[in-house]
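Here is the file protein-v5.txt (compact mmCIF, C-alpha atoms).
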# COMPACT_ATOMS: atom_id res chain seq x y z
CA MET X 1 101.17 88.86 62.16
CA PHE X 2 99.42 91.04 59.62
CA SER X 3 97.48 93.21 62.08
CA LYS X 4 98.09 96.92 61.65
CA LYS X 5 99.32 98.89 64.61
CA LYS X 6 96.69 101.30 65.90
CA ILE X 7 97.51 104.83 66.93
CA THR X 8 95.25 106.86 69.18
CA VAL X 9 94.93 110.61 68.71
CA ALA X 10 93.43 112.68 71.52
CA TYR X 11 90.82 115.30 70.62
CA THR X 12 89.15 118.10 72.56
CA ILE X 13 85.60 119.25 71.88
CA GLU X 14 84.91 122.88 72.74
CA GLN X 15 81.28 123.92 72.95
CA CYS X 16 79.93 127.46 73.08
CA THR X 17 77.91 127.97 76.26
CA LYS X 18 75.67 130.45 74.42
CA CYS X 19 74.97 129.15 70.91
CA GLY X 20 76.04 125.51 71.44
CA MET X 21 78.40 125.44 68.47
CA GLN X 22 81.01 122.68 68.77
CA VAL X 23 84.60 122.82 67.58
CA LYS X 24 86.77 119.69 67.43
CA ARG X 25 90.52 120.16 67.70
CA LYS X 26 93.57 118.15 68.73
CA PHE X 27 94.17 117.85 72.48
CA LYS X 28 96.69 120.27 73.94
CA GLU X 29 98.52 119.62 77.19
CA GLY X 30 96.70 121.42 79.99
CA ASP X 31 93.21 120.79 78.56
CA VAL X 32 90.77 119.61 81.21
CA LEU X 33 87.02 119.17 81.05
CA PHE X 34 84.53 121.98 81.84
CA VAL X 35 87.12 124.75 81.61
CA ASN X 36 86.24 127.98 79.82
CA MET X 37 88.55 128.48 76.90
CA THR X 38 88.19 131.06 74.15
CA LYS X 39 85.55 133.28 72.56
CA CYS X 40 83.11 131.53 70.25
CA VAL X 41 83.76 132.13 66.55
CA SER X 42 80.08 132.56 65.70
CA CYS X 43 78.80 134.61 68.66
CA ASP X 44 80.26 136.54 71.60
CA GLY X 45 79.84 133.62 74.01
CA LEU X 46 82.60 131.66 75.73
CA THR X 47 83.50 128.10 74.82
CA MET X 48 83.85 125.33 77.40
CA ILE X 49 85.65 122.00 77.02
CA GLU X 50 82.79 119.53 76.71
CA LYS X 51 84.65 116.32 75.92
CA ILE X 52 88.17 114.93 75.67
CA PHE X 53 88.50 111.58 73.94
CA GLY X 54 90.76 109.42 71.83
CA GLU X 55 90.12 108.09 68.34
CA SER X 56 92.10 105.15 67.03
CA THR X 57 93.23 104.80 63.43
CA ASP X 58 95.28 102.13 61.68
CA GLN X 59 98.89 103.15 61.13
CA MET Q 60 98.05 60.27 36.56
CA ASN Q 61 95.48 58.26 38.43
CA PHE Q 62 95.08 59.41 42.01
CA THR Q 63 92.38 56.93 42.88
CA SER Q 64 94.50 53.82 42.84
CA PHE Q 65 96.41 54.29 46.08
CA ASP Q 66 97.17 51.21 48.06
CA PHE Q 67 96.81 52.45 51.62
CA ASP Q 68 98.15 49.22 53.12
CA GLN Q 69 101.29 49.63 51.15
CA LEU Q 70 101.53 53.31 51.78
CA PHE Q 71 101.35 52.94 55.56
CA SER Q 72 103.21 49.61 55.69
CA MET Q 73 100.24 47.75 57.14
CA SER Q 74 100.54 44.60 55.15
CA ASP Q 75 102.42 41.56 56.37
CA ASP Q 76 105.41 42.26 54.17
CA SER Q 77 105.97 45.67 55.83
CA ASN Q 78 109.24 47.39 55.67
CA PRO Q 79 111.03 47.36 59.09
CA LEU Q 80 112.13 50.93 58.48
CA MET Q 81 108.51 52.02 58.05
CA MET Q 82 107.63 50.16 61.25
CA LEU Q 83 110.20 52.27 63.04
CA VAL Q 84 108.61 55.44 61.60
CA TRP Q 85 105.40 54.40 63.34
CA ILE Q 86 106.81 53.14 66.59
CA LEU Q 87 109.49 55.73 67.32
CA PRO Q 88 107.15 58.73 67.61
CA ILE Q 89 104.83 56.69 69.85
CA ILE Q 90 107.70 55.85 72.21
CA LEU Q 91 108.94 59.43 72.01
CA PHE Q 92 105.55 60.91 72.86
CA VAL Q 93 104.82 58.39 75.62
CA PHE Q 94 108.04 59.10 77.48
CA TYR Q 95 108.86 62.65 76.44
CA GLY Q 96 105.42 64.08 75.50
CA GLN Q 97 105.24 66.38 78.50
CA ARG Q 98 108.76 67.66 77.95
CA ILE Q 99 108.00 68.42 74.30
CA GLN Q 100 104.83 70.27 75.33
CA LEU Q 101 106.87 72.11 77.97
CA LEU Q 102 109.33 73.20 75.27
CA VAL Q 103 106.59 74.42 72.93
CA THR Q 104 104.73 76.26 75.71
CA SER Q 105 107.98 77.66 77.07
CA SER Q 106 108.77 79.48 73.86
CA GLU Q 107 105.34 81.20 73.96
CA ILE Q 108 105.73 82.15 77.61
CA LYS Q 109 109.29 83.37 77.04
CA LYS Q 110 108.01 85.80 74.39
CA ALA Q 111 105.35 87.06 76.82
CA ILE Q 112 107.93 87.47 79.61
CA LYS Q 113 110.17 89.47 77.26
CA LYS Q 114 107.20 91.73 76.51
CA LEU Q 115 106.41 92.10 80.23
CA ASP Q 116 110.04 92.98 80.90
CA SER Q 117 109.90 95.72 78.27
CA PHE Q 118 106.62 97.08 79.72
CA ARG Q 119 108.17 97.18 83.19
CA ASP Q 120 111.24 98.92 81.87
CA THR Q 121 109.22 101.46 79.85
CA SER Q 122 106.99 102.36 82.78
CA ARG Q 123 110.00 102.84 85.07
CA THR Q 124 111.85 104.98 82.52
CA GLU Q 125 108.77 107.10 81.80
CA LEU Q 126 108.27 107.71 85.52
CA ILE Q 127 111.91 108.67 86.08
CA ASN Q 128 111.93 111.01 83.06
CA TYR Q 129 108.69 112.64 84.16
CA ILE Q 130 110.05 113.37 87.62
CA LYS Q 131 113.47 114.45 86.33
CA HIS Q 132 112.41 116.69 83.45
CA THR Q 133 108.86 117.84 84.13
CA LEU Q 134 109.04 118.21 87.90
CA LYS Q 135 112.73 119.13 88.25
CA ALA Q 136 113.60 116.69 91.02
CA ASN Q 137 115.76 117.75 94.00
CA ASP Q 138 118.44 115.20 93.27
CA ASP Q 139 118.69 111.98 91.29
CA PRO Q 140 115.37 110.22 91.97
CA VAL Q 141 116.38 106.85 90.45
CA LYS Q 142 117.44 105.21 93.71
CA LYS Q 143 114.33 106.34 95.54
CA ILE Q 144 112.01 105.24 92.73
CA ASP Q 145 113.65 101.82 92.52
CA ARG Q 146 113.06 101.47 96.24
CA PHE Q 147 109.38 102.48 95.86
CA LEU Q 148 108.95 99.91 93.09
CA GLU Q 149 110.05 97.17 95.45
CA TYR Q 150 107.58 98.06 98.22
CA PHE Q 151 105.23 95.28 99.17
CA THR Q 152 102.04 95.06 101.20
CA ILE Q 153 101.41 92.17 103.57
CA MET Q 154 97.70 91.51 103.83
CA PRO Q 155 96.36 90.70 107.32
CA VAL Q 156 95.75 87.16 108.50
CA ASP Q 157 92.32 85.89 107.47
CA MET Q 158 92.11 82.74 109.63
CA ASP Q 159 89.68 84.69 111.79
CA PRO Q 160 87.90 86.97 109.28
CA ASN Q 161 86.21 89.00 112.01
CA GLY Q 162 87.32 92.64 111.61
CA ILE Q 163 89.51 91.95 108.58
CA VAL Q 164 88.00 94.79 106.52
CA ASP Q 165 89.17 97.38 109.05
CA LYS Q 166 92.62 95.83 109.06
CA VAL Q 167 92.87 95.84 105.24
CA HIS Q 168 91.52 99.40 105.18
CA HIS Q 169 94.17 100.49 107.70
CA ILE Q 170 97.04 98.83 105.82
CA VAL Q 171 95.99 100.24 102.43
CA ARG Q 172 95.51 103.76 103.85
CA SER Q 173 98.87 103.63 105.64
CA ARG Q 174 100.57 102.61 102.41
CA GLU Q 175 98.85 105.42 100.48
CA ASP Q 176 99.76 108.04 103.09
CA PHE Q 177 103.36 106.87 103.28
CA THR Q 178 103.77 106.82 99.47
CA ARG Q 179 102.25 110.30 99.20
CA LEU Q 180 104.76 111.71 101.67
CA GLN Q 181 107.68 109.99 99.98
CA VAL Q 182 106.63 111.10 96.49
CA LYS Q 183 106.17 114.67 97.69
CA SER Q 184 109.76 114.72 98.91
CA LEU Q 185 111.02 114.02 95.38
CA SER Q 186 110.54 117.52 94.03
CA PRO Q 187 109.88 120.97 95.49
CA GLU Q 188 107.73 121.80 92.43
CA MET Q 189 105.24 119.05 93.14
CA ASN Q 190 101.72 120.43 93.57
CA ASP Q 191 98.75 118.27 94.59
CA ILE Q 192 97.71 117.47 91.01
CA GLU Q 193 101.24 116.44 90.00
CA LEU Q 194 101.49 114.41 93.19
CA THR Q 195 98.43 112.34 92.27
CA LYS Q 196 99.81 111.85 88.74
CA VAL Q 197 103.15 110.58 90.02
CA GLN Q 198 101.42 108.34 92.55
CA THR Q 199 99.36 106.76 89.76
CA LEU Q 200 102.41 106.34 87.51
CA LEU Q 201 104.26 104.74 90.41
CA GLU Q 202 101.31 102.42 91.00
CA ILE Q 203 101.40 101.36 87.32
CA ALA Q 204 105.17 100.82 87.33
CA SER Q 205 105.09 98.76 90.53
CA SER Q 206 102.14 96.69 89.28
CA LEU Q 207 103.98 95.90 86.03
CA GLN Q 208 107.07 95.02 88.03
CA MET Q 209 105.04 92.66 90.23
CA ILE Q 210 103.32 91.00 87.23
CA TYR Q 211 106.70 90.42 85.57
CA LYS Q 212 108.18 88.96 88.73
CA ILE Q 213 105.28 86.55 89.37
CA VAL Q 214 105.06 85.30 85.75
CA ASN Q 215 108.83 84.87 85.59
CA HIS Q 216 108.87 83.03 88.91
CA MET Q 217 106.15 80.59 87.82
CA PHE Q 218 107.88 79.96 84.51
CA LEU Q 219 111.33 79.41 85.99
CA THR Q 220 109.96 77.11 88.71
CA ALA Q 221 108.23 74.93 86.11
CA LYS Q 222 111.39 74.84 83.99
CA LYS Q 223 113.60 74.06 86.96
CA GLN Q 224 111.41 71.16 88.05
CA ASN Q 225 110.77 70.07 84.43
CA ASN Q 226 107.15 70.02 85.50
CA TYR Q 227 104.67 70.52 82.67
CA PRO Q 228 101.45 70.62 84.78
CA LEU Q 229 102.97 73.47 86.76
CA ILE Q 230 103.15 75.64 83.66
CA LEU Q 231 99.52 74.94 82.59
CA PRO Q 232 97.79 77.48 84.86
CA LEU Q 233 100.27 80.12 83.70
CA GLN Q 234 99.62 79.27 80.04
CA MET Q 235 95.86 79.54 80.62
CA MET Q 236 96.07 82.85 82.50
CA LEU Q 237 98.69 84.47 80.29
CA PRO Q 238 96.33 86.06 77.69
CA PHE Q 239 94.38 87.77 80.51
CA ILE Q 240 97.58 88.86 82.26
CA MET Q 241 98.96 90.26 79.00
CA GLU Q 242 95.72 92.16 78.34
CA GLN Q 243 95.97 93.81 81.76
CA ALA Q 244 99.68 94.55 81.37
CA GLU Q 245 99.26 96.06 77.90
CA ALA Q 246 96.38 98.21 79.17
CA MET Q 247 98.55 99.47 82.04
CA LYS Q 248 101.42 100.29 79.69
CA GLU Q 249 99.09 102.19 77.36
CA ALA Q 250 97.58 104.09 80.29
CA ILE Q 251 100.86 105.90 81.00
CA PRO Q 252 100.55 108.71 78.36
CA ALA Q 253 96.97 109.49 79.45
CA PHE Q 254 97.97 109.89 83.11
CA LYS Q 255 101.10 111.88 82.23
CA THR Q 256 99.15 114.43 80.21
CA GLY Q 257 96.18 114.50 82.58
CA GLN Q 258 93.64 113.19 80.07
CA PRO Q 259 90.36 111.64 81.26
CA ILE Q 260 90.26 107.83 81.20
CA GLY Q 261 87.31 105.49 80.62
CA ASP Q 262 86.91 104.95 84.37
CA GLY Q 263 86.37 108.71 84.70
CA ILE Q 264 82.88 108.61 83.20
CA GLY Q 265 81.23 108.53 86.67
CA PRO Q 266 83.08 111.66 87.91
CA MET Q 267 82.48 113.27 84.48
CA VAL Q 268 78.69 112.89 84.78
CA VAL Q 269 78.59 114.13 88.39
CA GLY Q 270 81.14 116.91 87.64
CA LYS Q 271 78.83 118.12 84.88
CA MET Q 272 75.89 118.14 87.30
CA MET Q 273 77.99 120.16 89.77
CA LEU Q 274 78.86 122.90 87.25
CA ASN Q 275 77.89 126.45 88.32
CA ASN Q 276 77.13 125.27 91.88
CA THR Q 277 79.10 125.73 95.07
CA LYS Q 278 81.52 122.91 95.75
CA ASN Q 279 82.87 121.97 99.18
CA SER Q 280 85.76 119.75 100.10
CA ILE Q 281 83.97 117.16 102.25
CA THR Q 282 86.84 114.78 103.00
CA PHE Q 283 90.30 114.02 101.65
CA GLN Q 284 90.41 114.49 97.84
CA THR Q 285 86.60 114.39 97.68
CA VAL Q 286 84.14 117.20 96.87
CA SER Q 287 80.42 117.57 97.39
CA SER Q 288 77.78 119.92 96.09
CA GLU Q 289 74.10 120.43 96.90
CA ILE Q 290 71.53 121.15 94.19
CA ASP Q 291 67.76 121.16 93.92
CA PHE Q 292 65.97 119.05 91.37
CA GLU Q 293 62.17 119.11 91.04
CA GLY Q 294 61.66 119.58 94.79
CA ARG Q 295 64.28 117.04 95.79
CA LYS Q 296 67.65 117.74 97.39
CA LEU Q 297 70.54 116.19 95.48
CA LEU Q 298 73.85 115.73 97.27
CA LEU Q 299 76.54 115.21 94.64
CA LEU Q 300 79.83 113.49 95.45
CA LYS Q 301 82.95 112.91 93.39
CA ALA Q 302 86.73 112.75 93.73
CA GLU Q 303 88.41 116.14 93.54
CA GLY Q 304 89.60 116.68 89.97
CA PRO Q 305 91.48 117.19 87.80
CA GLY Q 306 94.10 115.18 89.74
CA SER Q 307 94.35 111.42 89.29
CA THR Q 308 92.46 110.18 92.33
CA VAL Q 309 89.36 108.19 93.25
CA GLY Q 310 88.80 110.19 96.45
CA ARG Q 311 87.16 108.73 99.55
CA PRO Q 312 83.47 108.34 98.67
CA ALA Q 313 82.69 106.03 101.61
CA ASP Q 314 84.05 108.52 104.19
CA ALA Q 315 82.14 111.32 102.44
CA LEU Q 316 78.91 109.30 102.51
CA GLU Q 317 79.39 108.66 106.23
CA ILE Q 318 79.66 112.40 106.84
CA ILE Q 319 76.56 113.12 104.73
CA VAL Q 320 74.49 110.41 106.45
CA SER Q 321 75.51 111.61 109.91
CA ASN Q 322 74.18 115.10 109.07
CA ASP Q 323 71.18 114.39 106.91
CA LYS Q 324 69.74 110.94 106.22
CA PRO Q 325 69.21 110.59 102.45
CA ASP Q 326 66.35 108.56 100.99
CA ALA Q 327 68.36 106.96 98.20
CA ILE Q 328 71.91 106.54 96.97
CA ILE Q 329 72.71 106.46 93.26
CA MET Q 330 76.17 105.35 92.19
CA ILE Q 331 77.57 105.90 88.69
CA ASP Q 332 80.61 103.88 87.73
CA ALA Q 333 82.42 102.21 84.85
CA ALA Q 334 82.01 98.42 84.79
CA LEU Q 335 83.89 95.71 82.95
CA LYS Q 336 81.90 94.50 79.96
CA MET Q 337 81.52 90.84 79.20
CA GLU Q 338 82.80 89.45 75.90
CA GLY Q 339 80.14 90.10 73.29
CA GLU Q 340 78.66 93.09 75.09
CA SER Q 341 79.05 96.37 73.29
CA SER Q 342 81.36 98.97 74.70
CA ALA Q 343 79.84 102.13 76.20
CA SER Q 344 76.46 100.48 76.79
CA ILE Q 345 74.62 101.69 79.89
CA ALA Q 346 72.93 99.42 82.42
CA GLN Q 347 70.98 100.09 85.60
CA GLY Q 348 70.94 97.91 88.69
CA PHE Q 349 70.96 97.67 92.47
CA GLY Q 350 73.82 97.59 94.95
CA ALA Q 351 77.04 99.52 95.39
CA ALA Q 352 78.81 100.02 92.06
CA ILE Q 353 82.40 100.53 93.17
CA GLY Q 354 85.58 98.58 92.52
CA GLY Q 355 88.89 98.55 94.32
CA ILE Q 356 90.06 96.28 97.08
CA GLY Q 357 86.56 96.12 98.61
CA THR Q 358 86.88 98.22 101.76
CA GLU Q 359 85.04 101.26 100.30
CA LYS Q 360 82.26 99.01 99.00
CA PHE Q 361 81.95 97.33 102.41
CA GLN Q 362 81.75 100.70 104.15
CA ILE Q 363 79.09 102.03 101.75
CA GLU Q 364 77.02 98.85 102.07
CA ALA Q 365 77.26 99.00 105.87
CA ILE Q 366 76.11 102.65 105.96
CA ALA Q 367 73.20 101.90 103.61
CA THR Q 368 72.13 98.81 105.56
CA ASN Q 369 72.32 100.47 108.98
CA ASN Q 370 70.21 103.39 107.74
CA ALA Q 371 67.91 101.39 105.44
CA ILE Q 372 68.84 103.44 102.38
CA PRO Q 373 68.37 101.77 98.99
CA ILE Q 374 71.37 101.84 96.64
CA PHE Q 375 70.77 102.15 92.90
CA SER Q 376 73.51 102.06 90.34
CA ILE Q 377 74.17 102.99 86.74
CA VAL Q 378 77.17 101.44 85.03
CA ILE Q 379 78.87 102.21 81.73
CA LYS Q 380 80.33 99.02 80.27
CA GLN Q 381 83.88 98.97 78.94
CA SER Q 382 86.91 96.71 78.55
CA VAL Q 383 89.91 96.68 80.91
CA LYS Q 384 91.92 98.63 78.36
CA GLU Q 385 89.19 101.23 77.80
CA ALA Q 386 88.77 101.68 81.56
CA ILE Q 387 92.35 102.77 82.20
CA THR Q 388 93.37 104.41 78.93
CA LEU Q 389 92.23 107.67 77.29
CA MET Q 390 88.42 107.82 77.22
CA THR Q 391 86.99 106.70 73.89
CA LYS Q 392 84.52 108.85 71.93
CA GLU Q 393 81.76 106.28 72.49
CA ILE Q 394 82.19 106.45 76.29
CA ALA Q 395 82.43 110.28 76.31
CA ASP Q 396 79.24 110.46 74.24
CA THR Q 397 77.29 108.51 76.90
CA ALA Q 398 77.69 111.30 79.50
CA ASP Q 399 74.49 113.15 78.50
CA ASP Q 400 72.48 109.93 78.27
CA VAL Q 401 73.68 108.84 81.74
CA CYS Q 402 72.66 112.27 83.11
CA VAL Q 403 69.13 111.77 81.72
CA GLN Q 404 68.96 108.28 83.23
CA VAL Q 405 70.06 109.60 86.64
CA TYR Q 406 67.26 112.20 86.62
CA ASP Q 407 64.72 109.55 85.50
CA MET Q 408 65.90 107.27 88.30
CA ILE Q 409 65.44 110.07 90.84
CA ARG Q 410 61.89 110.78 89.58
CA GLU Q 411 60.94 107.09 89.65
CA ASN Q 412 62.33 106.25 93.08
CA THR Q 413 61.84 109.37 95.19
CA THR Q 414 59.13 111.91 95.87
CA GLN Q 415 59.29 115.66 96.34
CA GLY Q 416 60.91 116.74 99.60
CA GLN Q 417 63.24 113.73 99.71
CA SER Q 418 66.99 113.81 99.31
CA VAL Q 419 69.31 111.67 97.16
CA VAL Q 420 73.08 111.15 97.27
CA ILE Q 421 74.64 110.78 93.82
CA ILE Q 422 78.18 109.41 93.75
CA GLY Q 423 80.38 109.57 90.66
CA VAL Q 424 82.78 106.68 91.24
CA GLY Q 425 86.11 106.38 89.46
CA ASN Q 426 89.40 108.06 88.70
CA THR Q 427 88.88 111.75 88.10
CA ALA Q 428 92.05 112.46 86.06
CA GLY Q 429 91.36 115.39 83.72
CA VAL Q 430 87.83 115.82 85.11
CA PRO Q 431 87.32 118.85 87.37
CA GLN Q 432 83.97 119.92 88.79

Take the structure in this file and express it as C-alpha cells.
Amino acid sequence: MFSKKKITVAYTIEQCTKCGMQVKRKFKEGDVLFVNMTKCVSCDGLTMIEKIFGESTDQ
Amino acid sequence: MNFTSFDFDQLFSMSDDSNPLMMLVWILPIILFVFYGQRIQLLVTSSEIKKAIKKLDSFRDTSRTELINYIKHTLKANDDPVKKIDRFLEYFTIMPVDMDPNGIVDKVHHIVRSREDFTRLQVKSLSPEMNDIELTKVQTLLEIASSLQMIYKIVNHMFLTAKKQNNYPLILPLQMMLPFIMEQAEAMKEAIPAFKTGQPIGDGIGPMVVGKMMLNNTKNSITFQTVSSEIDFEGRKLLLLKAEGPGSTVGRPADALEIIVSNDKPDAIIMIDAALKMEGESSASIAQGFGAAIGGIGTEKFQIEAIATNNAIPIFSIVIKQSVKEAITLMTKEIADTADDVCVQVYDMIRENTTQGQSVVIIGVGNTAGVPQ
C-alpha cells in the first residue's frame, strides 16, 4: 500500500582498452557489450563497452 | 472509571438469565459459518483472485500492444500485422504421449524445433526490414506475449470453474500458486523493454563471460545461432561455445557440443549459467558444482548428458544465482560485476581438473541478447 514504485535506469560502462579508465553514462539504444566506441578522454586509446546494467531507485 | 470490575458472564450472556437476543448473536454466526463458511471463504478469496486476473489481463494486453507497435513502427510492417500476431498468440503445442516414455525426448525435441522453425518463418514474413537480430527480438517478444496470454487464460479458467461450481476446494490450489504465478508474469512484463532495446538480461551472464573470453580471437559459426572459438590457456586447448549475439537467442549448445566431440574428444566440459536462487540466498552469488547447468524444456540437457556419458567426459558447472525477475529483466549491476570473478573461477577450475595438453569445452549458457562475442 505504501511501497514506493521502483524505476530502473539502464547504464553503460565504457572502459579504455589502453589505460583502463571507466566512464559511466546512460544507456543509448544500439549499445551492445564489447563494442569499441569512442576515443578515451585521458589517453589516445579506444573505449570498449564493458558492462550494461540497470540500477533501481525509488520513484 | 474502573476497568477491572467487568462481569464477563454478563458481558457474554453466559449466566442463566441470559438475554435471548445475545444468545442469537452467538448462535447465528455459528450456523452461518457451519453452512455457508466455504461460500464466504470463496467470496473473500474470489476478490483477491479477481484483482490478480485483472492485473494479468493488463499484462497480456500491454505485451500484445508493445509487440504490435514494435513491428508497426520500428520494423515498418508490410501490411497490418494485428491479425497475424493475434493468430500467433493463439498457437498451441501438443506434447507427445508419454504412456510409453521410450524415445519421448526426441519427439519433444522435434515438436519444439518444428514450432521454432515455423514461427521464425512466419515472423520473418511480417516485415521486409527484418534482419536476423530483429527477428530474434520479435520472436522473444512473441514468446512473452503468448506466455502471458496462456497464463491469463489458465488462471481465469480455474477461477471461473470454481465459481461456476461454487466449489471452494477447487480454488485453493489457485490461491496457493497465485503469488508465484504473479511473480513470473510481472517479470515477463518487465522483460519487454530490455528485449526491445537489446539490453543484456540476467540470464545473459553465461554468454557474457564466454563472449569476453572469445574477444580478439577468431569466431566460427558452428551450428544454427551458435558460435565457437578456440584459444590456448597454459598448454590446454579451450573450445568456447555460446549463442550468437547480440540477438536474443540461446543458440543450440547441445548440437554444437556434438559436433565438437565428433571431431576432437574433450577432457572436460564446463558450463556457465544463471540459476534461480533460493529464498534467503543473496543475488549474484557464484556457486560451483557438477552436472549440466542448462534450463529449458530439458531436451538440450538430455542431449548434453548423453554425449558426456557416452564419451566419459566430466561436466563441471558454475552458476550465478538470481531471482526469476533478475534472470529475464535488464542485468543488475551486481550480476554484471560477477563477470570477472566467474572468469577467474573458470580458469581455476581448468587448472584444478585438467593437465597440460588436454582440451576443455566451455559453454556459456543463456540468452545472449545484447551480448556479442

>> When you look at range 90-104 of chain Q with a cut-off of 9 Å (counting only C-alpha atoms), what residues show up, excluding the ones that are within fewer than 2 positions of it in the same chain? I need them as a count of residues only.
In response: 16

**range 30-32 of chain X environment, 9 Å, all atoms listed in the file, sequence neighbours closer than 4 positions dropped, as a count of residues only** = 13

Nearest to Lys5 in chain X: which of X:Phe53, X:Thr17, X:Glu29, X:Asp58 is it, counting only C-alpha atoms?
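Selected residue with least distance to Lys5 in chain X: X:Asp58.
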
CA of Met217 in chain Q to CA of Glu242 in chain Q measures 18.2 Å

Report as JSON lines the residues of chain Q within 12 Å of chain X, each with its shortest atom pair and distance in Å (one decimal), using only C-alpha atoms, ordered by chain and increasing residue number.
{"residue": "Q:Ile192", "atom": "CA", "partner": "X:Gly30", "partner_atom": "CA", "distance": 11.8}
{"residue": "Q:Glu249", "atom": "CA", "partner": "X:Thr8", "partner_atom": "CA", "distance": 10.2}
{"residue": "Q:Ala250", "atom": "CA", "partner": "X:Thr8", "partner_atom": "CA", "distance": 11.7}
{"residue": "Q:Pro252", "atom": "CA", "partner": "X:Ala10", "partner_atom": "CA", "distance": 10.6}
{"residue": "Q:Ala253", "atom": "CA", "partner": "X:Ala10", "partner_atom": "CA", "distance": 9.3}
{"residue": "Q:Phe254", "atom": "CA", "partner": "X:Glu29", "partner_atom": "CA", "distance": 11.4}
{"residue": "Q:Lys255", "atom": "CA", "partner": "X:Glu29", "partner_atom": "CA", "distance": 9.6}
{"residue": "Q:Thr256", "atom": "CA", "partner": "X:Glu29", "partner_atom": "CA", "distance": 6.0}
{"residue": "Q:Gly257", "atom": "CA", "partner": "X:Gly30", "partner_atom": "CA", "distance": 7.4}
{"residue": "Q:Gln258", "atom": "CA", "partner": "X:Val32", "partner_atom": "CA", "distance": 7.1}
{"residue": "Q:Pro259", "atom": "CA", "partner": "X:Ile52", "partner_atom": "CA", "distance": 6.8}
{"residue": "Q:Ile260", "atom": "CA", "partner": "X:Phe53", "partner_atom": "CA", "distance": 8.4}
{"residue": "Q:Gly261", "atom": "CA", "partner": "X:Phe53", "partner_atom": "CA", "distance": 9.1}
{"residue": "Q:Gly263", "atom": "CA", "partner": "X:Leu33", "partner_atom": "CA", "distance": 11.1}
{"residue": "Q:Ile264", "atom": "CA", "partner": "X:Lys51", "partner_atom": "CA", "distance": 10.8}
{"residue": "Q:Pro266", "atom": "CA", "partner": "X:Leu33", "partner_atom": "CA", "distance": 10.9}
{"residue": "Q:Met267", "atom": "CA", "partner": "X:Leu33", "partner_atom": "CA", "distance": 8.2}
{"residue": "Q:Val268", "atom": "CA", "partner": "X:Leu33", "partner_atom": "CA", "distance": 11.1}
{"residue": "Q:Val269", "atom": "CA", "partner": "X:Phe34", "partner_atom": "CA", "distance": 11.8}
{"residue": "Q:Gly270", "atom": "CA", "partner": "X:Phe34", "partner_atom": "CA", "distance": 8.4}
{"residue": "Q:Lys271", "atom": "CA", "partner": "X:Phe34", "partner_atom": "CA", "distance": 7.5}
{"residue": "Q:Met272", "atom": "CA", "partner": "X:Phe34", "partner_atom": "CA", "distance": 10.9}
{"residue": "Q:Met273", "atom": "CA", "partner": "X:Phe34", "partner_atom": "CA", "distance": 10.4}
{"residue": "Q:Leu274", "atom": "CA", "partner": "X:Phe34", "partner_atom": "CA", "distance": 7.9}
{"residue": "Q:Asn275", "atom": "CA", "partner": "X:Phe34", "partner_atom": "CA", "distance": 10.3}
{"residue": "Q:Gly304", "atom": "CA", "partner": "X:Val32", "partner_atom": "CA", "distance": 9.3}
{"residue": "Q:Pro305", "atom": "CA", "partner": "X:Val32", "partner_atom": "CA", "distance": 7.1}
{"residue": "Q:Gly306", "atom": "CA", "partner": "X:Val32", "partner_atom": "CA", "distance": 10.2}
{"residue": "Q:Glu385", "atom": "CA", "partner": "X:Gly54", "partner_atom": "CA", "distance": 10.3}
{"residue": "Q:Thr388", "atom": "CA", "partner": "X:Gly54", "partner_atom": "CA", "distance": 9.1}
{"residue": "Q:Leu389", "atom": "CA", "partner": "X:Gly54", "partner_atom": "CA", "distance": 5.9}
{"residue": "Q:Met390", "atom": "CA", "partner": "X:Phe53", "partner_atom": "CA", "distance": 5.0}
{"residue": "Q:Thr391", "atom": "CA", "partner": "X:Gly54", "partner_atom": "CA", "distance": 5.1}
{"residue": "Q:Lys392", "atom": "CA", "partner": "X:Phe53", "partner_atom": "CA", "distance": 5.2}
{"residue": "Q:Glu393", "atom": "CA", "partner": "X:Phe53", "partner_atom": "CA", "distance": 8.7}
{"residue": "Q:Ile394", "atom": "CA", "partner": "X:Phe53", "partner_atom": "CA", "distance": 8.5}
{"residue": "Q:Ala395", "atom": "CA", "partner": "X:Lys51", "partner_atom": "CA", "distance": 6.4}
{"residue": "Q:Asp396", "atom": "CA", "partner": "X:Lys51", "partner_atom": "CA", "distance": 8.2}
{"residue": "Q:Thr397", "atom": "CA", "partner": "X:Lys51", "partner_atom": "CA", "distance": 10.8}
{"residue": "Q:Ala398", "atom": "CA", "partner": "X:Lys51", "partner_atom": "CA", "distance": 9.3}
{"residue": "Q:Asp399", "atom": "CA", "partner": "X:Glu50", "partner_atom": "CA", "distance": 10.6}
{"residue": "Q:Thr427", "atom": "CA", "partner": "X:Leu33", "partner_atom": "CA", "distance": 10.4}
{"residue": "Q:Ala428", "atom": "CA", "partner": "X:Val32", "partner_atom": "CA", "distance": 8.7}
{"residue": "Q:Gly429", "atom": "CA", "partner": "X:Val32", "partner_atom": "CA", "distance": 4.9}
{"residue": "Q:Val430", "atom": "CA", "partner": "X:Leu33", "partner_atom": "CA", "distance": 5.3}
{"residue": "Q:Pro431", "atom": "CA", "partner": "X:Leu33", "partner_atom": "CA", "distance": 6.3}
{"residue": "Q:Gln432", "atom": "CA", "partner": "X:Phe34", "partner_atom": "CA", "distance": 7.3}

Self-check item: Spatial sel., origin (67.6, 110.6, 98.9), limit 8 Å, only C-alpha atoms, listed as a list of chain:residue names
Solution: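 Within 8 Å of (67.6, 110.6, 98.9), the protein and nucleic acid residues are Q:Arg295, Q:Lys296, Q:Leu297, Q:Lys324, Q:Pro325, Q:Asp326, Q:Ala327, Q:Ile328, Q:Thr413, Q:Gln417, Q:Ser418, Q:Val419, Q:Val420.
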
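Rounded to one decimal, CA of Glu338 in chain Q and CA of Lys248 in chain Q lie 21.9 Å from each other.
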
Tell me, as a list of chain:residue names, which residues lie within 12 Å of Cys43 in chain X, counting all atoms listed in the file; anything in the same chain fewer than 4 positions away does not count.
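The filter keeps X:Gln15, X:Cys16, X:Thr17, X:Lys18, X:Cys19, X:Gly20, X:Met21, X:Thr38, X:Lys39, X:Thr47.
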
Let me see the file: selected residues, C-alpha atoms, as a compact mmCIF listing (two decimals), in the frame of the given file.
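For reference, result.txt as written:
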# COMPACT_ATOMS: atom_id res chain seq x y z
CA GLN X 15 81.28 123.92 72.95
CA CYS X 16 79.93 127.46 73.08
CA THR X 17 77.91 127.97 76.26
CA LYS X 18 75.67 130.45 74.42
CA CYS X 19 74.97 129.15 70.91
CA GLY X 20 76.04 125.51 71.44
CA MET X 21 78.40 125.44 68.47
CA THR X 38 88.19 131.06 74.15
CA LYS X 39 85.55 133.28 72.56
CA THR X 47 83.50 128.10 74.82
